[in-house]
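Here is the file run_33.txt (compact mmCIF, C-alpha atoms).
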# COMPACT_ATOMS: atom_id res chain seq x y z
CA MET A 96 46.65 14.94 3.75
CA ASP A 97 43.20 16.44 4.28
CA GLU A 98 40.54 14.90 6.51
CA LYS A 99 38.81 13.08 3.67
CA ALA A 100 42.07 11.35 2.71
CA TRP A 101 42.46 9.97 6.24
CA TRP A 102 38.95 8.53 6.14
CA LEU A 103 39.78 6.98 2.79
CA ALA A 104 43.07 5.54 4.07
CA LEU A 105 41.46 3.63 6.95
CA HIS A 106 38.62 2.54 4.68
CA LEU A 107 41.11 1.03 2.20
CA VAL A 108 42.97 -1.10 4.76
CA PRO A 109 42.19 -4.79 4.00
CA GLY A 110 40.11 -6.28 6.80
CA VAL A 111 38.64 -2.98 8.02
CA GLY A 112 34.90 -3.12 7.43
CA ARG A 113 32.04 -1.00 8.71
CA ILE A 114 32.03 -2.40 12.24
CA THR A 115 35.79 -2.36 12.70
CA PHE A 116 36.03 1.17 11.28
CA LYS A 117 33.42 2.42 13.74
CA LYS A 118 35.09 0.61 16.63
CA LEU A 119 38.52 2.06 15.85
CA VAL A 120 37.33 5.62 15.33
CA GLY A 121 35.20 5.37 18.46
CA TYR A 122 38.30 4.43 20.44
CA PHE A 123 40.87 6.81 18.92
CA GLY A 124 38.59 9.69 17.91
CA HIS A 125 39.58 10.16 14.24
CA PRO A 126 40.85 8.03 11.33
CA GLN A 127 44.13 9.97 11.34
CA ASP A 128 44.72 8.94 14.96
CA VAL A 129 43.97 5.33 14.07
CA MET A 130 46.46 5.34 11.20
CA GLY A 131 49.09 6.91 13.43
CA ALA A 132 48.70 4.40 16.27
CA THR A 133 51.22 1.67 17.07
CA ALA A 134 50.34 -2.01 16.81
CA GLY A 135 50.25 -2.24 20.59
CA GLN A 136 47.85 0.66 20.86
CA LEU A 137 45.61 -0.80 18.16
CA MET A 138 45.41 -4.16 19.91
CA ARG A 139 43.95 -2.49 22.99
CA VAL A 140 40.73 -2.22 20.97
CA ALA A 141 38.48 -5.25 21.42
CA GLY A 142 38.59 -7.54 18.41
CA ILE A 143 41.79 -6.09 16.90
CA GLY A 144 44.42 -8.82 16.66
CA PRO A 145 48.07 -8.75 15.54
CA LYS A 146 47.25 -9.44 11.87
CA LEU A 147 44.85 -6.50 11.51
CA ALA A 148 47.06 -4.24 13.60
CA GLN A 149 49.96 -5.02 11.26
CA ALA A 150 47.75 -4.35 8.21
CA ILE A 151 46.97 -0.88 9.58
CA THR A 152 50.49 0.08 10.65
CA GLY A 153 52.02 -1.31 7.44
CA PHE A 154 49.51 0.31 5.12
CA GLN A 155 51.18 2.42 2.41
CA ILE A 156 49.04 5.50 2.96
CA PRO A 157 50.33 7.98 0.33
CA THR A 158 50.62 5.38 -2.43
CA GLU A 159 47.26 3.67 -1.89
CA VAL A 160 45.28 6.85 -1.24
CA GLU A 161 46.73 8.58 -4.29
CA ARG A 162 45.94 5.58 -6.49
CA GLU A 163 42.35 5.50 -5.24
CA LEU A 164 41.90 9.23 -5.75
CA ARG A 165 43.16 8.91 -9.33
CA ALA A 166 40.56 6.21 -9.98
CA VAL A 167 37.85 8.41 -8.44
CA GLN A 168 38.85 11.34 -10.64
CA SER A 169 39.10 9.18 -13.76
CA ALA A 170 35.54 7.89 -13.25
CA GLY A 171 34.15 11.36 -12.59
CA CYS A 172 33.13 10.45 -9.05
CA GLN A 173 33.31 12.08 -5.65
CA ILE A 174 33.90 10.76 -2.14
CA ILE A 175 31.54 11.51 0.75
CA THR A 176 32.51 10.52 4.29
CA GLN A 177 30.42 10.42 7.43
CA SER A 178 31.97 13.74 8.47
CA ASP A 179 30.67 15.37 5.28
CA PRO A 180 27.44 17.43 5.59
CA ASN A 181 26.23 15.86 2.33
CA TYR A 182 26.29 12.35 3.80
CA PRO A 183 22.67 11.07 3.61
CA PRO A 184 21.07 11.55 7.04
CA LEU A 185 18.81 8.50 6.77
CA LEU A 186 21.81 6.27 6.07
CA LYS A 187 23.86 7.88 8.80
CA ALA A 188 21.12 6.99 11.31
CA ILE A 189 21.51 3.21 10.92
CA GLU A 190 23.82 1.04 12.97
CA ASP A 191 27.30 0.89 11.39
CA PRO A 192 26.67 2.99 8.25
CA PRO A 193 29.30 2.89 5.49
CA PRO A 194 32.14 5.22 6.53
CA VAL A 195 32.80 6.23 2.91
CA LEU A 196 30.50 6.54 -0.10
CA TYR A 197 31.67 6.78 -3.70
CA VAL A 198 29.17 8.82 -5.68
CA LYS A 199 28.74 9.50 -9.36
CA GLY A 200 26.08 12.17 -9.67
CA GLU A 201 24.51 14.33 -7.00
CA MET A 202 24.03 13.11 -3.44
CA SER A 203 22.81 15.94 -1.25
CA GLY A 204 22.27 15.78 2.49
CA SER A 205 18.87 17.36 1.95
CA VAL A 206 17.59 14.80 -0.57
CA PRO A 207 13.81 14.57 -0.84
CA PRO A 208 12.01 11.57 0.70
CA THR A 209 13.39 8.27 -0.56
CA ILE A 210 11.65 4.92 -1.13
CA ALA A 211 13.37 1.70 -2.20
CA VAL A 212 11.73 -0.40 -4.93
CA VAL A 213 13.17 -3.90 -5.32
CA GLY A 214 12.11 -7.29 -6.61
CA SER A 215 12.64 -10.26 -8.88
CA ARG A 216 15.36 -10.43 -11.52
CA ARG A 217 12.83 -12.24 -13.73
CA PRO A 218 9.70 -10.12 -13.45
CA SER A 219 6.44 -10.82 -15.22
CA ILE A 220 4.64 -8.29 -17.38
CA TYR A 221 2.41 -7.63 -14.37
CA GLY A 222 5.44 -6.83 -12.21
CA LYS A 223 6.84 -4.40 -14.77
CA VAL A 224 3.48 -2.65 -15.16
CA VAL A 225 3.06 -2.29 -11.39
CA VAL A 226 6.57 -0.90 -10.96
CA GLU A 227 5.96 1.75 -13.60
CA GLN A 228 2.68 2.80 -12.00
CA LEU A 229 4.26 3.03 -8.55
CA VAL A 230 7.40 4.93 -9.55
CA GLN A 231 5.35 7.32 -11.67
CA GLY A 232 3.30 8.16 -8.58
CA LEU A 233 6.36 8.39 -6.36
CA SER A 234 8.13 10.66 -8.82
CA GLY A 235 5.08 12.88 -9.07
CA ALA A 236 5.14 13.22 -5.28
CA GLY A 237 8.79 14.30 -5.30
CA VAL A 238 10.06 10.99 -3.92
CA THR A 239 13.50 9.67 -4.92
CA VAL A 240 13.40 6.00 -5.94
CA VAL A 241 16.28 3.87 -4.64
CA SER A 242 17.20 0.46 -6.06
CA GLY A 243 20.15 -1.78 -6.83
CA LEU A 244 20.60 -1.57 -10.63
CA ALA A 245 20.12 -5.35 -10.84
CA ARG A 246 18.40 -7.02 -13.75
CA GLY A 247 14.62 -7.13 -13.56
CA ILE A 248 12.55 -5.02 -11.19
CA ASP A 249 15.50 -2.85 -10.12
CA SER A 250 16.31 -1.86 -13.70
CA VAL A 251 12.65 -1.19 -14.50
CA ALA A 252 12.32 0.99 -11.38
CA HIS A 253 15.31 3.12 -12.36
CA ALA A 254 14.42 3.39 -16.04
CA LYS A 255 10.74 4.21 -15.53
CA THR A 256 11.54 6.76 -12.83
CA LEU A 257 13.77 8.57 -15.31
CA GLU A 258 11.10 8.33 -18.03
CA HIS A 259 8.62 10.05 -15.73
CA GLY A 260 11.02 12.84 -14.83
CA GLY A 261 11.87 11.53 -11.36
CA ARG A 262 15.11 11.23 -9.42
CA THR A 263 16.67 7.85 -8.66
CA ILE A 264 19.66 6.44 -6.77
CA ALA A 265 21.36 3.17 -7.79
CA VAL A 266 23.42 1.34 -5.16
CA LEU A 267 26.07 -1.06 -6.48
CA GLY A 268 27.63 -4.19 -5.02
CA CYS A 269 30.98 -3.40 -6.66
CA GLY A 270 33.32 -0.45 -7.11
CA LEU A 271 32.39 2.32 -9.53
CA SER A 272 35.28 1.39 -11.82
CA HIS A 273 33.20 -1.69 -12.65
CA MET A 274 29.59 -1.95 -13.70
CA TYR A 275 27.33 -4.86 -12.86
CA PRO A 276 25.43 -6.02 -14.71
CA PRO A 277 27.50 -4.68 -17.63
CA GLU A 278 24.48 -4.15 -19.89
CA ASN A 279 23.22 -1.52 -17.44
CA ARG A 280 26.16 0.82 -18.05
CA PRO A 281 24.06 3.18 -20.26
CA LEU A 282 21.31 3.19 -17.63
CA ALA A 283 23.85 4.03 -14.92
CA GLN A 284 25.08 6.97 -16.99
CA ARG A 285 21.52 8.28 -17.27
CA ILE A 286 20.97 7.80 -13.55
CA SER A 287 24.11 9.79 -12.70
CA ARG A 288 22.64 12.77 -14.59
CA ARG A 289 19.30 12.64 -12.73
CA GLY A 290 20.37 11.31 -9.35
CA ALA A 291 23.34 9.24 -8.27
CA VAL A 292 25.12 5.92 -8.67
CA VAL A 293 26.54 4.97 -5.27
CA SER A 294 28.90 2.37 -3.82
CA GLU A 295 30.56 1.84 -0.47
CA PHE A 296 33.26 -0.35 -2.02
CA PRO A 297 36.69 0.86 -3.20
CA MET A 298 36.81 1.76 -6.86
CA ARG A 299 38.40 -1.46 -8.16
CA THR A 300 36.23 -3.86 -6.15
CA LYS A 301 34.77 -6.50 -8.47
CA PRO A 302 31.22 -7.85 -8.11
CA ASP A 303 31.17 -10.54 -5.45
CA ARG A 304 28.21 -12.35 -3.93
CA LEU A 305 29.38 -11.37 -0.45
CA ASN A 306 29.06 -7.69 -1.36
CA PHE A 307 25.39 -7.75 -2.25
CA PRO A 308 23.91 -8.19 1.24
CA LEU A 309 25.88 -5.06 2.25
CA ARG A 310 24.60 -3.32 -0.88
CA ASN A 311 21.05 -4.25 0.15
CA ARG A 312 21.68 -2.87 3.63
CA THR A 313 22.65 0.46 2.10
CA ILE A 314 19.56 0.46 -0.15
CA SER A 315 17.23 0.09 2.83
CA GLY A 316 19.34 2.49 4.92
CA LEU A 317 18.94 5.23 2.33
CA SER A 318 15.16 4.79 2.30
CA LEU A 319 12.18 5.58 4.48
CA GLY A 320 10.63 2.31 3.35
CA THR A 321 11.14 -0.62 0.99
CA VAL A 322 8.57 -1.77 -1.57
CA VAL A 323 8.88 -5.33 -2.89
CA VAL A 324 7.34 -6.07 -6.29
CA GLU A 325 7.54 -9.79 -7.10
CA ALA A 326 9.99 -11.92 -5.16
CA GLY A 327 10.52 -15.63 -4.92
CA GLU A 328 10.95 -17.40 -1.62
CA ARG A 329 14.74 -16.93 -1.73
CA SER A 330 14.88 -13.62 -3.53
CA GLY A 331 17.68 -11.20 -2.69
CA ALA A 332 14.95 -8.57 -2.27
CA LEU A 333 13.97 -10.30 0.95
CA ILE A 334 17.45 -9.57 2.34
CA THR A 335 16.72 -5.88 1.78
CA VAL A 336 13.49 -6.35 3.73
CA GLN A 337 15.37 -7.95 6.63
CA TRP A 338 17.71 -4.97 6.80
CA ALA A 339 14.78 -2.54 6.57
CA LEU A 340 13.08 -4.21 9.53
CA GLU A 341 16.30 -4.14 11.54
CA GLN A 342 16.67 -0.43 10.75
CA GLY A 343 13.10 0.33 11.82
CA ARG A 344 11.98 1.27 8.30
CA GLU A 345 8.62 0.55 6.67
CA VAL A 346 8.09 -2.54 4.50
CA PHE A 347 5.55 -2.74 1.68
CA ALA A 348 4.66 -5.59 -0.66
CA VAL A 349 2.62 -5.81 -3.84
CA PRO A 350 0.37 -8.90 -3.89
CA GLY A 351 0.71 -11.27 -6.81
CA ASN A 352 -0.78 -14.32 -8.46
CA VAL A 353 -0.79 -17.11 -5.87
CA THR A 354 0.26 -19.65 -8.51
CA ALA A 355 3.33 -17.67 -9.62
CA PRO A 356 6.71 -18.51 -8.00
CA THR A 357 7.67 -14.83 -8.08
CA SER A 358 4.70 -14.01 -5.85
CA ARG A 359 5.54 -16.38 -3.02
CA GLY A 360 7.95 -14.02 -1.31
CA THR A 361 5.74 -10.93 -1.55
CA ASN A 362 2.56 -12.76 -0.51
CA ARG A 363 4.39 -14.23 2.47
CA LEU A 364 5.59 -10.76 3.46
CA ILE A 365 1.98 -9.57 3.51
CA LYS A 366 1.01 -12.53 5.71
CA MET A 367 3.83 -11.54 8.07
CA GLY A 368 2.65 -7.96 8.38
CA ALA A 369 4.09 -6.00 5.47
CA LYS A 370 1.67 -3.38 4.21
CA LEU A 371 -0.20 -4.48 1.11
CA VAL A 372 0.23 -2.01 -1.76
CA ASP A 373 -2.26 -1.72 -4.60
CA CYS A 374 -1.74 1.98 -5.30
CA VAL A 375 0.95 4.56 -4.62
CA GLU A 376 -1.18 6.25 -1.97
CA ASP A 377 -0.71 3.14 0.21
CA ILE A 378 2.96 4.14 0.39
CA LEU A 379 2.64 7.91 0.59
CA GLU A 380 0.12 7.91 3.44
CA GLU A 381 2.66 6.31 5.77
CA PHE A 382 4.88 9.41 5.67
CA PRO A 383 2.65 12.44 6.39
CA GLN A 384 5.56 14.22 8.07
CA TYR A 385 7.15 14.61 4.65
CA ALA A 386 3.98 16.04 3.09
CA ILE A 387 4.19 13.72 0.12
CA GLY A 388 0.61 12.42 0.22
CA GLY A 389 -2.69 13.87 -0.93
CA LYS A 390 -2.80 16.22 -3.91
CA ARG A 391 0.72 16.02 -5.35
CA GLU A 392 2.70 18.49 -7.38
CA GLY A 393 2.46 17.60 -11.04
CA ALA A 394 -0.74 15.60 -10.57
CA SER A 395 -2.57 15.67 -13.87
CA GLU A 396 -6.20 15.53 -14.90
CA ARG A 397 -5.49 12.01 -16.00
CA GLU A 398 -4.58 10.97 -12.46
CA GLU A 399 -7.67 12.62 -11.03
CA ALA A 400 -9.86 10.99 -13.69
CA ARG A 401 -8.73 7.58 -12.47
CA GLN A 402 -10.69 8.17 -9.28
CA ALA A 403 -13.96 8.78 -11.14
CA ASP A 404 -16.51 5.96 -11.31
CA GLY A 405 -17.06 6.30 -15.06
CA THR A 406 -20.12 5.32 -17.08
CA PRO A 407 -21.98 2.03 -16.59
CA ASP A 408 -20.39 0.66 -19.79
CA GLU A 409 -16.92 1.63 -18.57
CA ARG A 410 -17.57 0.00 -15.21
CA ARG A 411 -18.74 -3.14 -17.00
CA LEU A 412 -15.48 -3.39 -18.94
CA LEU A 413 -13.37 -2.68 -15.87
CA ALA A 414 -15.18 -5.45 -14.01
CA LEU A 415 -14.00 -7.88 -16.69
CA LEU A 416 -10.35 -6.88 -16.31
CA ASP A 417 -7.83 -8.04 -13.74
CA PRO A 418 -4.64 -6.33 -12.46
CA VAL A 419 -2.69 -9.60 -12.62
CA GLU A 420 -4.08 -11.74 -15.45
CA THR A 421 -4.07 -10.24 -18.94
CA ARG A 422 -7.25 -10.28 -21.00
CA HIS A 423 -7.26 -10.35 -24.81
CA ILE A 424 -9.54 -7.91 -26.58
CA ASP A 425 -11.45 -10.75 -28.27
CA TRP A 426 -12.25 -12.26 -24.88
CA ILE A 427 -13.37 -8.86 -23.57
CA ILE A 428 -15.67 -8.35 -26.58
CA GLU A 429 -17.18 -11.81 -26.10
CA GLN A 430 -17.76 -11.32 -22.38
CA ALA A 431 -19.04 -7.74 -22.62
CA HIS A 432 -21.51 -8.45 -25.45
CA PHE A 433 -20.65 -5.07 -26.98
CA PRO A 434 -19.78 -4.37 -30.61
CA THR A 435 -16.06 -4.42 -31.38
CA SER A 436 -16.02 -0.70 -32.14
CA ILE A 437 -17.60 0.16 -28.77
CA VAL A 438 -15.15 -2.03 -26.83
CA SER A 439 -12.17 -0.53 -28.67
CA SER A 440 -13.40 3.00 -28.03
CA LEU A 441 -14.08 2.36 -24.34
CA LEU A 442 -10.72 0.66 -23.80
CA LEU A 443 -8.91 3.57 -25.44
CA LYS A 444 -10.76 6.02 -23.18
CA LEU A 445 -9.98 3.97 -20.09
CA GLU A 446 -6.33 3.72 -21.13
CA LEU A 447 -6.07 7.48 -21.55
CA GLU A 448 -7.56 7.91 -18.07
CA GLY A 449 -4.97 5.55 -16.62
CA LYS A 450 -7.53 2.94 -15.59
CA VAL A 451 -6.37 0.33 -18.09
CA THR A 452 -2.92 -0.69 -19.35
CA GLN A 453 -2.57 -2.09 -22.85
CA LEU A 454 0.22 -4.58 -23.52
CA PRO A 455 1.55 -5.88 -26.84
CA GLY A 456 -0.76 -8.30 -28.62
CA LYS A 457 -3.99 -6.48 -27.71
CA LEU A 458 -3.75 -7.66 -24.11
CA PHE A 459 -5.17 -5.54 -21.30
CA LEU A 460 -4.69 -5.21 -17.55
CA LYS A 461 -6.70 -3.23 -15.04
CA ALA A 462 -4.40 -0.53 -13.66
CA LEU A 463 -3.68 -0.48 -9.93
CA ARG A 464 -5.52 2.42 -8.32
Target format structure tokens, applied to this file:
Amino acid sequence: MDEKAWWLALHLVPGVGRITFKKLVGYFGHPQDVMGATAGQLMRVAGIGPKLAQAITGFQIPTEVERELRAVQSAGCQIITQSDPNYPPLLKAIEDPPPVLYVKGEMSGSVPPTIAVVGSRRPSIYGKVVVEQLVQGLSGAGVTVVSGLARGIDSVAHAKTLEHGGRTIAVLGCGLSHMYPPENRPLAQRISRRGAVVSEFPMRTKPDRLNFPLRNRTISGLSLGTVVVEAGERSGALITVQWALEQGREVFAVPGNVTAPTSRGTNRLIKMGAKLVDCVEDILEEFPQYAIGGKREGASEREEARQADGTPDERRLLALLDPVETRHIDWIIEQAHFPTSIVSSLLLKLELEGKVTQLPGKLFLKALR
């Protein structure tokens, strides 16, 4: 067997997780040496008892490895181990990184800067609008957006990144032979063509609630920083934040309506010291070493126009709008004391400049700047 197969063999042994894998390889030097050790030799390693030692020595290496490799090939995936030069360097730098990654798509060791965007599974319109604005800016700066393919903010982050021509990585809490949630299978296929779908779990691993904290650890480990857009007090996104803090990565949070349950987690993060984000530059300026701030490749006249003050009438309309609460056009007309035609014309101009976002039903939000 080649080196990659030995890594895979030890990874597949039931009971051998990240920490145990690292401990065993640290003691013996290589997965092949671990798999060739006797039970007595294995039990010299702290924490390795008779049951786990027997699981390793009794593991059917050729049969199990060949079956896993067939599943990998059938799904059009590849395996990357920590010994592979394409293993993501940011992830490799954390404590106890996954020894093996299953990848569908392209995972290069020289990936551009990466930022995680996570949040509520039940986002508001505001949350979806903010995510699109942020990932559009990140994509324009050459940043890869990382998320977990979950319903809600994660799915919006992936989909909008692709719409804006960016690169995205989806990290799963199950094996790549499964897809969770199942309705995101088409999205995962699109992601694999413009980035990668990644899992640390063997191919046939089903979704399990115990897997998702590890999935979140990998999301933050792959990223320079984690941005949270809408999160309740017990949101899974906050687990990703905990891992990010442990890994010494940056944490960002988008403020939300103080009366909304999905804002309680993000607003509390800001109180605790997370950087408040109301524009993409708040994220980019934290990583000058990657030269992703300032004037960005692909920046359009529309983006630059957003920074202009505009005419007095435009400023008057903008002052009536809010980035969180939607305003109906009839309310705007009443408050502005302008003719309907003037308000419609000004709103269209502001929308084209990226200063205003129009939602279905003639509702408007002030765009984050």
Practice prompt. Counting only C-alpha atoms, note down every residue that has an atom within 9 Å of the point (-5.0, -7.2, -15.5) (file coordinates), as a list in words.
Written response: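 Here is the list of nearby residues: Tyr221, Leu416, Asp417, Pro418, Val419, Glu420, Thr421, Arg422, Val451, Thr452, Leu458, Phe459, Leu460, Lys461, Ala462 and Leu463 of chain A.
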Show me the residues around (32.2, 6.5, 1.6) - criterion: an atom at most 6 Å away, all atoms listed in the file counted - as a PDB file with C-alpha atoms, in the frame of the given file.
ATOM      1  CA  ILE A 174      33.900  10.760  -2.140  1.00  0.00           C
ATOM      2  CA  ILE A 175      31.540  11.510   0.750  1.00  0.00           C
ATOM      3  CA  THR A 176      32.510  10.520   4.290  1.00  0.00           C
ATOM      4  CA  PRO A 194      32.140   5.220   6.530  1.00  0.00           C
ATOM      5  CA  VAL A 195      32.800   6.230   2.910  1.00  0.00           C
ATOM      6  CA  LEU A 196      30.500   6.540  -0.100  1.00  0.00           C
ATOM      7  CA  TYR A 197      31.670   6.780  -3.700  1.00  0.00           C
ATOM      8  CA  GLU A 295      30.560   1.840  -0.470  1.00  0.00           C
TER       9      GLU A 295
END
Worksheet item: How far is it from CA of Leu340 in chain A to CA of Ser358 in chain A, in Å with one decimal?
Response: 20.1 Å
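Nearest to Gly142 in chain A of all the residues A:Pro350, A:Gly110, A:Pro302, A:Pro277 is A:Gly110, counting all atoms listed in the file.
Omitting Arg216 in chain A and its sequence neighbours fewer than 5 positions away, and counting all atoms listed in the file, the residues within 12 Å are Gly222, Lys223, Gly243, Leu244, Ala245, Arg246, Gly247, Ile248, Asp249, Ser250, Val251, Ala252, Pro276, Val323, Val324, Glu325, Ala326, Gly327, Arg329, Ser330, Gly331, Ala332 and Thr357 of chain A.
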Discussion item. Residues near range 226-234 of chain A, anyone? I mean within 6 Å using only C-alpha atoms, not counting same-chain ones fewer than 3 positions away, as a PyMOL selection string.
Written reply: chain A and resi 223+237-238+255-256+259+261+375
Fill in: Long-range neighbours of Pro208 in chain A as a ChimeraX atom specification, 10 Å cut-off, all atoms listed in the file, 6 positions minimum in chain
/A:185,233,236-240,317-320,382,385-387
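The shortest atom-to-atom distance to Leu454 in chain A, with only C-alpha atoms taken into account, belongs to A:Ile424 out of A:Trp101, A:Gly135, A:Cys374, A:Ile424.
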Practice prompt. State, in Å with one decimal place, the distance from CA of Lys301 in chain A to CA of Pro193 in chain A.
Written response: 17.7 Å
Worksheet entry | Counting all atoms listed in the file, the option among A:Gly235, A:Pro126, A:Gly316, A:Gly290 closest to Arg344 in chain A |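 The shortest atom-to-atom distance to Arg344 in chain A comes from A:Gly316.
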Discussion item. Would you pick out the contacts of Gly268 in chain A at 10 Å or less, using only C-alpha atoms, so that residues sharing its chain but fewer than 5 positions from it are not included, and give the list as number ranges by chain?
Written reply: A: 243-245, 273-275, 293-296, 300-311, 313
Worksheet item: Using only C-alpha atoms, which residues sit within 12 Å of Ala141 in chain A once same-chain residues fewer than 6 positions away are excluded, as a VMD selection string?
Response: chain A and resid 114 to 115 117 to 119 121 to 122 147 to 148
Assuming 3 Å of padding per side, give the centre and edge lengths of the axis-aligned box around every listed atom of range 413-421 of chain A, in Å to one decimal and as lines of an AutoDock Vina configuration file.
center_x = -8.9
center_y = -7.2
center_z = -15.7
size_x = 18.5
size_y = 15.1
size_z = 12.5
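CA of Ala291 in chain A is positioned 6.4 Å from CA of Val198 in chain A.
Distances here use all atoms listed in the file; by that measure, the residue among A:Lys366, A:Ile286, A:Ala104, A:Thr133 closest to Arg162 in chain A is A:Ala104.
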What would the file be for range 416-433 of chain A if you keep N, CA, C and O atoms and write it as a PDB file, in the first residue's frame?
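Saved result, decode00.pdb, follows:
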ATOM      1  N   LEU A 416     -34.200  55.655   5.377  1.00  0.00           N
ATOM      2  CA  LEU A 416     -34.076  54.204   5.285  1.00  0.00           C
ATOM      3  C   LEU A 416     -33.240  53.642   6.419  1.00  0.00           C
ATOM      4  O   LEU A 416     -32.436  54.357   7.038  1.00  0.00           O
ATOM      5  N   ASP A 417     -33.417  52.357   6.654  1.00  0.00           N
ATOM      6  CA  ASP A 417     -32.739  51.671   7.752  1.00  0.00           C
ATOM      7  C   ASP A 417     -32.145  50.365   7.212  1.00  0.00           C
ATOM      8  O   ASP A 417     -32.749  49.727   6.346  1.00  0.00           O
ATOM      9  N   PRO A 418     -30.963  49.954   7.697  1.00  0.00           N
ATOM     10  CA  PRO A 418     -30.383  48.692   7.203  1.00  0.00           C
ATOM     11  C   PRO A 418     -31.041  47.437   7.772  1.00  0.00           C
ATOM     12  O   PRO A 418     -30.791  46.331   7.298  1.00  0.00           O
ATOM     13  N   VAL A 419     -31.886  47.606   8.790  1.00  0.00           N
ATOM     14  CA  VAL A 419     -32.526  46.448   9.430  1.00  0.00           C
ATOM     15  C   VAL A 419     -34.025  46.403   9.134  1.00  0.00           C
ATOM     16  O   VAL A 419     -34.561  45.387   8.692  1.00  0.00           O
ATOM     17  N   GLU A 420     -34.713  47.509   9.375  1.00  0.00           N
ATOM     18  CA  GLU A 420     -36.159  47.558   9.187  1.00  0.00           C
ATOM     19  C   GLU A 420     -36.494  47.994   7.762  1.00  0.00           C
ATOM     20  O   GLU A 420     -36.002  49.016   7.288  1.00  0.00           O
ATOM     21  N   THR A 421     -37.341  47.218   7.093  1.00  0.00           N
ATOM     22  CA  THR A 421     -37.746  47.574   5.731  1.00  0.00           C
ATOM     23  C   THR A 421     -38.708  48.761   5.756  1.00  0.00           C
ATOM     24  O   THR A 421     -39.465  48.963   6.709  1.00  0.00           O
ATOM     25  N   ARG A 422     -38.662  49.541   4.682  1.00  0.00           N
ATOM     26  CA  ARG A 422     -39.572  50.679   4.525  1.00  0.00           C
ATOM     27  C   ARG A 422     -40.325  50.509   3.202  1.00  0.00           C
ATOM     28  O   ARG A 422     -39.706  50.301   2.151  1.00  0.00           O
ATOM     29  N   HIS A 423     -41.643  50.650   3.252  1.00  0.00           N
ATOM     30  CA  HIS A 423     -42.440  50.563   2.029  1.00  0.00           C
ATOM     31  C   HIS A 423     -42.365  51.876   1.269  1.00  0.00           C
ATOM     32  O   HIS A 423     -42.231  52.955   1.874  1.00  0.00           O
ATOM     33  N   ILE A 424     -42.463  51.793  -0.049  1.00  0.00           N
ATOM     34  CA  ILE A 424     -42.316  52.993  -0.866  1.00  0.00           C
ATOM     35  C   ILE A 424     -43.376  54.046  -0.522  1.00  0.00           C
ATOM     36  O   ILE A 424     -43.086  55.253  -0.551  1.00  0.00           O
ATOM     37  N   ASP A 425     -44.575  53.616  -0.164  1.00  0.00           N
ATOM     38  CA  ASP A 425     -45.615  54.592   0.192  1.00  0.00           C
ATOM     39  C   ASP A 425     -45.223  55.368   1.433  1.00  0.00           C
ATOM     40  O   ASP A 425     -45.469  56.583   1.527  1.00  0.00           O
ATOM     41  N   TRP A 426     -44.630  54.682   2.397  1.00  0.00           N
ATOM     42  CA  TRP A 426     -44.171  55.356   3.621  1.00  0.00           C
ATOM     43  C   TRP A 426     -43.052  56.343   3.291  1.00  0.00           C
ATOM     44  O   TRP A 426     -43.015  57.464   3.830  1.00  0.00           O
ATOM     45  N   ILE A 427     -42.145  55.943   2.409  1.00  0.00           N
ATOM     46  CA  ILE A 427     -41.029  56.812   2.024  1.00  0.00           C
ATOM     47  C   ILE A 427     -41.556  58.071   1.339  1.00  0.00           C
ATOM     48  O   ILE A 427     -41.109  59.198   1.620  1.00  0.00           O
ATOM     49  N   ILE A 428     -42.529  57.896   0.434  1.00  0.00           N
ATOM     50  CA  ILE A 428     -43.112  59.052  -0.265  1.00  0.00           C
ATOM     51  C   ILE A 428     -43.761  60.009   0.726  1.00  0.00           C
ATOM     52  O   ILE A 428     -43.582  61.234   0.661  1.00  0.00           O
ATOM     53  N   GLU A 429     -44.497  59.437   1.685  1.00  0.00           N
ATOM     54  CA  GLU A 429     -45.179  60.268   2.683  1.00  0.00           C
ATOM     55  C   GLU A 429     -44.185  61.046   3.541  1.00  0.00           C
ATOM     56  O   GLU A 429     -44.374  62.239   3.823  1.00  0.00           O
ATOM     57  N   GLN A 430     -43.115  60.363   3.955  1.00  0.00           N
ATOM     58  CA  GLN A 430     -42.145  61.003   4.844  1.00  0.00           C
ATOM     59  C   GLN A 430     -41.257  62.001   4.108  1.00  0.00           C
ATOM     60  O   GLN A 430     -40.828  63.001   4.677  1.00  0.00           O
ATOM     61  N   ALA A 431     -40.963  61.721   2.837  1.00  0.00           N
ATOM     62  CA  ALA A 431     -40.045  62.583   2.088  1.00  0.00           C
ATOM     63  C   ALA A 431     -40.728  63.836   1.558  1.00  0.00           C
ATOM     64  O   ALA A 431     -40.053  64.841   1.278  1.00  0.00           O
ATOM     65  N   HIS A 432     -42.051  63.774   1.400  1.00  0.00           N
ATOM     66  CA  HIS A 432     -42.813  64.898   0.829  1.00  0.00           C
ATOM     67  C   HIS A 432     -42.346  65.215  -0.589  1.00  0.00           C
ATOM     68  O   HIS A 432     -42.291  66.388  -0.991  1.00  0.00           O
ATOM     69  N   PHE A 433     -41.985  64.149  -1.328  1.00  0.00           N
ATOM     70  CA  PHE A 433     -41.632  64.288  -2.736  1.00  0.00           C
ATOM     71  C   PHE A 433     -42.732  63.652  -3.577  1.00  0.00           C
ATOM     72  O   PHE A 433     -43.420  62.723  -3.115  1.00  0.00           O
TER      73      PHE A 433
END
